[in-house]
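Chemist: Let me give you the structure first, and then I'll get to my questions.
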Amino acid sequence: MNNVRTPRRHIISCEEAVLLLRRRPTKITERGGHFPRAAIDAILAQPACNGLRFYFGTKADGSTTLVFVGIDWAERDMTDGVIVQDYYPCPPFCDAPSALIR
């Protein structure tokens with residue numbers, strides 16, 4: 001596995017986002033979801049936290065979840081700190097008029 005970091009362009013236009021979202025596999029029934037800011041802030045407020053890492057998971061009931069953990073400057077998971085999961089799924093928690101999901 002090649003772990004070489006190449007520069008990434010993280011910020012994209014709305015049009016680029018729409019194209020990405022239109023290519024979502026049809027077998028994935030959720031469009032997305034959201035976490036409240038307080039949950040993300042709790043991770044990012046930790047001393048030495050330099051970013052977020054997410055993992056895909058499955059709850060006991062079989063539904064999908066995301067697990068977020070802070071990462072330090074060496075990109076190591078901060079597993080002794082705040083870890084977040086259980087987003088609000090879309091649907092039903094959607095922004096119906098969003099330009100992203102037209």
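Lettering and numbering for the structure tokens are positional, with chains as A, B, ... in the shown order, residues counted from 1 in each chain, and ligands counted from 1 in the shown order.
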So that I can check the secondary structure, give me every residue of chain A assigned alpha helix (DSSP H) by backbone DSSP, as number ranges by chain.

Modeler: A: 14-22, 37-44

Chemist: Write the residues of the preceding selection, restricted to C-alpha atoms, as a PDB file, in the first residue's frame.

Modeler:
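The resulting file, result_13.pdb, is reproduced below:
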ATOM      1  CA  CYS A  14     -21.485  23.212  -5.547  1.00  0.00           C
ATOM      2  CA  GLU A  15     -21.541  21.917  -9.135  1.00  0.00           C
ATOM      3  CA  GLU A  16     -18.690  19.481  -8.400  1.00  0.00           C
ATOM      4  CA  ALA A  17     -20.476  18.313  -5.258  1.00  0.00           C
ATOM      5  CA  VAL A  18     -23.686  17.684  -7.200  1.00  0.00           C
ATOM      6  CA  LEU A  19     -21.800  15.508  -9.712  1.00  0.00           C
ATOM      7  CA  LEU A  20     -20.172  13.501  -6.921  1.00  0.00           C
ATOM      8  CA  LEU A  21     -23.483  12.946  -5.171  1.00  0.00           C
ATOM      9  CA  ARG A  22     -25.263  11.903  -8.372  1.00  0.00           C
ATOM     10  CA  ARG A  37     -21.498  21.170  15.713  1.00  0.00           C
ATOM     11  CA  ALA A  38     -21.085  20.453  19.443  1.00  0.00           C
ATOM     12  CA  ALA A  39     -20.061  16.863  18.662  1.00  0.00           C
ATOM     13  CA  ILE A  40     -17.410  17.939  16.140  1.00  0.00           C
ATOM     14  CA  ASP A  41     -16.224  20.828  18.336  1.00  0.00           C
ATOM     15  CA  ALA A  42     -15.741  18.394  21.235  1.00  0.00           C
ATOM     16  CA  ILE A  43     -13.244  16.464  19.110  1.00  0.00           C
ATOM     17  CA  LEU A  44     -11.462  19.481  17.591  1.00  0.00           C
TER      18      LEU A  44
END

Chemist: For range 8-61 of chain A against range 66-84 of chain A, with a cut-off of 12 Å and counting only C-alpha atoms, what is the closest atom pair and its distance in Å to one decimal for every residue that makes the cut, ordered by chain and number, as JSON lines?

Modeler:
{"residue": "A:Gly32", "atom": "CA", "partner": "A:Leu66", "partner_atom": "CA", "distance": 10.5}
{"residue": "A:Gly33", "atom": "CA", "partner": "A:Leu66", "partner_atom": "CA", "distance": 9.6}
{"residue": "A:His34", "atom": "CA", "partner": "A:Leu66", "partner_atom": "CA", "distance": 10.2}
{"residue": "A:Phe35", "atom": "CA", "partner": "A:Val84", "partner_atom": "CA", "distance": 9.0}
{"residue": "A:Pro36", "atom": "CA", "partner": "A:Val84", "partner_atom": "CA", "distance": 10.6}
{"residue": "A:Arg37", "atom": "CA", "partner": "A:Val84", "partner_atom": "CA", "distance": 11.5}
{"residue": "A:Ala38", "atom": "CA", "partner": "A:Val84", "partner_atom": "CA", "distance": 10.5}
{"residue": "A:Ala39", "atom": "CA", "partner": "A:Val84", "partner_atom": "CA", "distance": 6.7}
{"residue": "A:Ile40", "atom": "CA", "partner": "A:Val84", "partner_atom": "CA", "distance": 7.8}
{"residue": "A:Asp41", "atom": "CA", "partner": "A:Val82", "partner_atom": "CA", "distance": 10.0}
{"residue": "A:Ala42", "atom": "CA", "partner": "A:Val82", "partner_atom": "CA", "distance": 6.8}
{"residue": "A:Ile43", "atom": "CA", "partner": "A:Val82", "partner_atom": "CA", "distance": 5.5}
{"residue": "A:Leu44", "atom": "CA", "partner": "A:Gly70", "partner_atom": "CA", "distance": 6.6}
{"residue": "A:Ala45", "atom": "CA", "partner": "A:Gly70", "partner_atom": "CA", "distance": 9.4}
{"residue": "A:Gln46", "atom": "CA", "partner": "A:Gly81", "partner_atom": "CA", "distance": 7.5}
{"residue": "A:Pro47", "atom": "CA", "partner": "A:Asp72", "partner_atom": "CA", "distance": 8.9}
{"residue": "A:Ala48", "atom": "CA", "partner": "A:Asp72", "partner_atom": "CA", "distance": 5.7}
{"residue": "A:Cys49", "atom": "CA", "partner": "A:Asp72", "partner_atom": "CA", "distance": 4.8}
{"residue": "A:Asn50", "atom": "CA", "partner": "A:Asp72", "partner_atom": "CA", "distance": 5.1}
{"residue": "A:Gly51", "atom": "CA", "partner": "A:Ile71", "partner_atom": "CA", "distance": 5.3}
{"residue": "A:Leu52", "atom": "CA", "partner": "A:Gly70", "partner_atom": "CA", "distance": 4.6}
{"residue": "A:Arg53", "atom": "CA", "partner": "A:Val69", "partner_atom": "CA", "distance": 5.4}
{"residue": "A:Phe54", "atom": "CA", "partner": "A:Phe68", "partner_atom": "CA", "distance": 4.4}
{"residue": "A:Tyr55", "atom": "CA", "partner": "A:Val67", "partner_atom": "CA", "distance": 5.1}
{"residue": "A:Phe56", "atom": "CA", "partner": "A:Leu66", "partner_atom": "CA", "distance": 4.8}
{"residue": "A:Gly57", "atom": "CA", "partner": "A:Leu66", "partner_atom": "CA", "distance": 5.8}
{"residue": "A:Thr58", "atom": "CA", "partner": "A:Leu66", "partner_atom": "CA", "distance": 8.3}
{"residue": "A:Lys59", "atom": "CA", "partner": "A:Leu66", "partner_atom": "CA", "distance": 9.7}

Chemist: In Å, with one decimal, what is the gap from CA of Arg23 in chain A to CA of Gln85 in chain A?

Modeler: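 It comes out at 25.0 Å.
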
Chemist: Can you list every residue in chain A that DSSP puts in strand (DSSP E), as a compact mmCIF listing (two decimals) with C-alpha atoms, in the first residue's frame?

Modeler:
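Contents of the output file selection.txt:
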# COMPACT_ATOMS: atom_id res chain seq x y z
CA GLY A 32 -26.00 11.43 3.88
CA GLY A 33 -26.45 12.76 7.36
CA HIS A 34 -25.27 15.34 9.81
CA GLY A 51 -8.08 17.09 12.30
CA LEU A 52 -10.68 14.37 12.05
CA ARG A 53 -10.60 10.80 10.85
CA PHE A 54 -13.77 8.85 10.14
CA TYR A 55 -14.46 5.16 9.94
CA PHE A 56 -17.48 3.35 8.52
CA GLY A 57 -19.27 1.15 11.01
CA THR A 58 -22.40 -0.92 11.49
CA THR A 64 -24.67 2.20 8.99
CA THR A 65 -22.83 4.71 11.12
CA LEU A 66 -19.75 6.88 10.94
CA VAL A 67 -17.24 7.00 13.75
CA PHE A 68 -15.19 10.21 14.08
CA VAL A 69 -11.99 10.47 16.09
CA GLY A 70 -9.48 13.29 16.39
CA ILE A 71 -6.02 12.92 14.89
CA ILE A 83 -14.97 9.67 19.81
CA VAL A 84 -18.30 10.43 18.11
CA TYR A 88 -28.72 12.05 11.94
CA PRO A 89 -29.41 10.25 8.64
CA CYS A 90 -30.87 11.78 5.49

Chemist: Go ahead and compute the interatomic distance for CA of Thr6 in chain A and CA of Arg24 in chain A, in Å to one decimal.

Modeler: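 Those two atoms sit 24.4 Å apart.
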